[in-house]
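Asker: The structure is given below, and queries will be raised subsequently.
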Amino acid sequence: MQKLRAGFDQVGGKMEKAPGSPVFRATPLVCLLLLTLLYTLHFGSNQWNQQIRNRGSSRSTPGKDGRGIDDQEHLNFLLRRLLRGEDQNQLEATGFACHSDLHTDVCVANRSVRIDTRTMKLYAPFSQGMPQANSIVRPYARKPDKRAMSFVSPVQILQGNITTPACHYTHDFPAIVFSSGGFRGNLFHEFNDIIIPLFITCRHFQSRLRFITTDFSPLFVGRFNKILSHLSSYEVIRPAANGSVHCFPGAVIGLHYHGNLALNTTDIPGGYSMLGFRQFLRESYNLKVVNVPEMNKPVLILVSRAKTRSFLNEDDMVTMMKALGFRVVVARPHMMSNLDKFAQVVNSCSVMVGAHGAGLTNAMFLPQGAVLVQVVPLGLRWLSSRYFGGPAKEMGLKYVEYRVEPVESSLLTLYDQDHPVITNPASIFLEGYEVARAVYIDGQNLTINVVRFREALVKTLGLLGRSTTLG
């Protein structure tokens with residue numbers, strides 16, 4: 001086209017012969033056709049490229065269902081990563097398979113499925129003879145906990161003719177179905193049971209997926225919008241409000257779980273670690289501080305609890321912390337309610353101090369090399385180590401544990417010094433978790449020995465590469 005245009009000079013609305021070019025006279029119609037062709041070549045190619053970008057795939061040969069063959073092969077690869085062994089073989093042979101373990105069930109379909117959001121029934125074209133056909137999945141990663149699962153609605157998976165029910169909406173990317181029920185409202189469980197399993201299950205799809213959230217909570221979706229929007233490029237589908245049939249080229253029902261605040265590189269789907277998840281959080285919340293050495297003065301954030309396991313002499317603790325050279329931020333419940341803002345506050349700190357509880361989950365927003373100081377109430381040594389002590393090290397944090405003595409616990413005002421509640425907490429847990437919870441989790445407050453606790457904070461300063469003179 002460049003040569004064609006160069007061969008002519010436009011004079012008074014006509015295209016005349018240029019020196020050395022063939023003899024040709026263009027009529028107005030020919031000029032119009034040429035201009036139309038030039039416009040199409042320039043702008044049409046841009047629109048095509050934009051369509052390719054919007055689809056999130058390269059141009060490929062159409063398959064039987066209208067999707068590109070390359071698209072479907074790539075999707076099959078991504079879905080296959082969510083299964084192993086015989087489950088993976090079954091997926092390739094039949095188009096449907098489920099992984100089941102102690103904590104969770106995860107079912108995967110790599111063929112076209114239809115999801116009726118009015119009933120949360122999923123229709124998939126697998127064989128009636130399959131042992132997992134027509135199954136029910138509660139898509140929440142806390143299967144052994146009957147109390148949590150009582151708040152989780154079931155998803156029914158049915159063998160069905162792929163032409164019925166009729167599609168109201170057709171999507172290019174797979175569906176990920178999960179529940180935001182369970183222990184919603186507790187930050188530890190929201191991260192442990194939903195957010196981290198979502199990352200594990202969905203990250204490798206690179207946002208090319210669509211969430212369908214059962215037991216939908218606007219508060220949950222609003223609170224974690226920055227995370228959800230970084231895992232999916234599309235708005236979350238709310239079944240109760242949507243009430244329609246959605247068709248997808250594949251689907252995942254349920255989420256993988258690796259342990260308490262855990263991501264294990266060798267577990268399904270493989271390759272993810274807590275350090276990788278923390279990097280994802282920094283990207284999602286645009287957190288500026290990556291490492292503690294970037295900070296000048298040590299900033300300590302004290303997680304203040306209002307009801308249980310609260311510090312009854314909090315003011316004395318703050319005074320001591322300031323005397324050691326810390327700038328202290330007291331994080332009260334209302335301050336922690338806005339996660340978007342609170343993540344920025346935590347990221348500006350080099351130390352987090354708090355009694356065992358859900359608020360310590362915010363330590364995930366601390367910079368690398370920061371210190372988590374967990375105050376362990378009476379009777380909660382094992383839970384404290386399991387939920388935060390071990391995970392802190394996997395997060396790239398340093399960890400200090402301060403175990404309260406009986407005299408620092410309000411339980412000593414309720415029970416004699418030789419009572420099993422004081423001397424043998426394990427025996428109380430043998431009576432059942434609910435019994436122990438009522439005593440040690442819901443029925444205990446703390447009056448910290450400031451002199452003894454000061455020693456723990458001096459150790460913390462040492463871990464930060466700083467020192468102080470003990471007086």
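The way I read the labels, and the way they are meant: chains A, B, ... in the order of the structure tokens, residue 1 as the first residue of every chain, and ligand 1 as the first ligand shown, with later ones counted on from there.
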What are the DSSP strand (DSSP E or B) residues of stretch 46-243 of chain A, as JSON, numbers by chain?
Answerer: {"A": [62, 68, 96, 97, 98, 99, 100, 105, 106, 107, 108, 109, 113, 114, 115, 116, 121, 122, 123, 124, 136, 137, 155, 156, 157, 158, 159, 169, 170, 175, 176, 177, 178, 179, 207, 210, 211, 212, 213, 214, 232, 237]}
Asker: For the alpha helix (DSSP H) assignment from backbone DSSP, which residues of stretch 173-206 of chain A qualify? Please present them as a PyMOL selection string.
Answerer: chain A and resi 187-189+196-202
Asker: Need to verify the contact set: A:Asn242, 8 Å, only C-alpha atoms, exclusion of same-chain residues closer than 5 positions in sequence. Can you return it as an MDAnalysis selection string?
Answerer: chainID A and resid 117:118 237
Asker: Which of these, A:Tyr387, A:Phe211, A:Tyr433, A:Phe311, has the shortest distance to A:Val252 once you count only C-alpha atoms?
Answerer: A:Phe211
Asker: With only C-alpha atoms as the counted atoms, please give the residues lying no more than 10 Å from A:Gln344, apart from itself and same-chain residues fewer than 6 positions off, as a list in words.
Answerer: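 So the residues in contact are Arg282, Tyr285, Asn286, Leu287, Lys288, Val289, Phe365 and Leu366 of chain A.
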Asker: Those same residues - N, CA, C and O atoms - I'd like them written as a compact mmCIF listing (two decimals), in the first residue's frame.
Answerer:
```
# COMPACT_ATOMS: atom_id res chain seq x y z
N ARG A 282 1.61 -7.37 49.08
CA ARG A 282 2.23 -6.06 48.87
C ARG A 282 1.76 -5.44 47.56
O ARG A 282 1.50 -4.24 47.48
N TYR A 285 -2.13 -4.41 47.95
CA TYR A 285 -2.39 -3.24 48.80
C TYR A 285 -1.41 -2.10 48.54
O TYR A 285 -1.46 -1.08 49.24
N ASN A 286 -0.53 -2.29 47.56
CA ASN A 286 0.45 -1.26 47.22
C ASN A 286 1.26 -0.85 48.45
O ASN A 286 1.43 0.34 48.75
N LEU A 287 1.77 -1.84 49.17
CA LEU A 287 2.56 -1.60 50.37
C LEU A 287 3.98 -1.20 49.98
O LEU A 287 4.63 -1.86 49.16
N LYS A 288 4.46 -0.13 50.58
CA LYS A 288 5.71 0.49 50.14
C LYS A 288 6.95 -0.11 50.79
O LYS A 288 8.01 -0.19 50.17
N VAL A 289 6.86 -0.49 52.08
CA VAL A 289 8.04 -0.94 52.82
C VAL A 289 8.20 -2.45 52.66
O VAL A 289 7.33 -3.22 53.05
N PHE A 365 1.17 -8.20 56.98
CA PHE A 365 1.45 -6.93 56.31
C PHE A 365 2.75 -6.28 56.78
O PHE A 365 3.15 -5.24 56.27
N LEU A 366 3.41 -6.88 57.79
CA LEU A 366 4.69 -6.34 58.27
C LEU A 366 5.77 -6.48 57.19
O LEU A 366 5.70 -7.38 56.35
```
Asker: So that I can check the surroundings of A:Met395, please list as number ranges by chain every protein, DNA and RNA residue that reaches within 6 Å of it, counting only C-alpha atoms and ignoring chain neighbours fewer than 2 positions away.
Answerer: A: 274-275, 392-393, 397
Asker: Fewer than 3 positions away in the same chain doesn't count, so skip those; otherwise give me all residues within 10 Å of A:Ala240, counting only C-alpha atoms, as a PyMOL selection string.
Answerer: chain A and resi 117-120+213-216+237+243-244
Asker: Here is a test: counting only C-alpha atoms, which residue of A:Met295, A:Ala436, A:Val236, A:Leu312 is nearest to A:Phe220?
Answerer: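 Using only C-alpha atoms, the shortest distance to A:Phe220 belongs to A:Val236.
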Asker: Identify, on the basis of only C-alpha atoms, every residue whose closest approach to A:Met321 does not exceed 10 Å; exclude the query and any residue fewer than 3 positions from it along the same chain; express the result as number ranges by chain.
Answerer: A: 300, 302, 315-318, 324-328, 450, 453-454, 457-458
Asker: Give me, as a tab-separated table, each residue of stretch 151-190 of chain A that comes within 10 Å of stretch 104-110 of chain A, together with its shortest interatomic pair and the distance in Å at one decimal, counting only C-alpha atoms, with rows ordered by chain and rising residue number.
Answerer:
```
residue	atom	partner	partner_atom	distance
A:Ile157	CA	A:Cys107	CA	9.2
A:Pro174	CA	A:Asn110	CA	8.7
A:Ala175	CA	A:Ala109	CA	9.7
A:Ile176	CA	A:Val108	CA	9.4
A:Val177	CA	A:Val106	CA	9.8
A:Phe178	CA	A:Val106	CA	9.9
```
Asker: Which is closest to A:Pro197 among A:His74, A:Arg210, A:His256, A:Arg142, if we use only C-alpha atoms?
Answerer: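 Checking each of A:His74, A:Arg210, A:His256, A:Arg142 against A:Pro197, counting only C-alpha atoms, the winner is A:His256.
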Asker: If you measure from atom CA of A:Leu261 to atom CA of A:Lys398, what distance in Å do you get, rounded to one decimal?
Answerer: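 About the pair atom CA of A:Leu261 and atom CA of A:Lys398: they are 15.8 Å apart.
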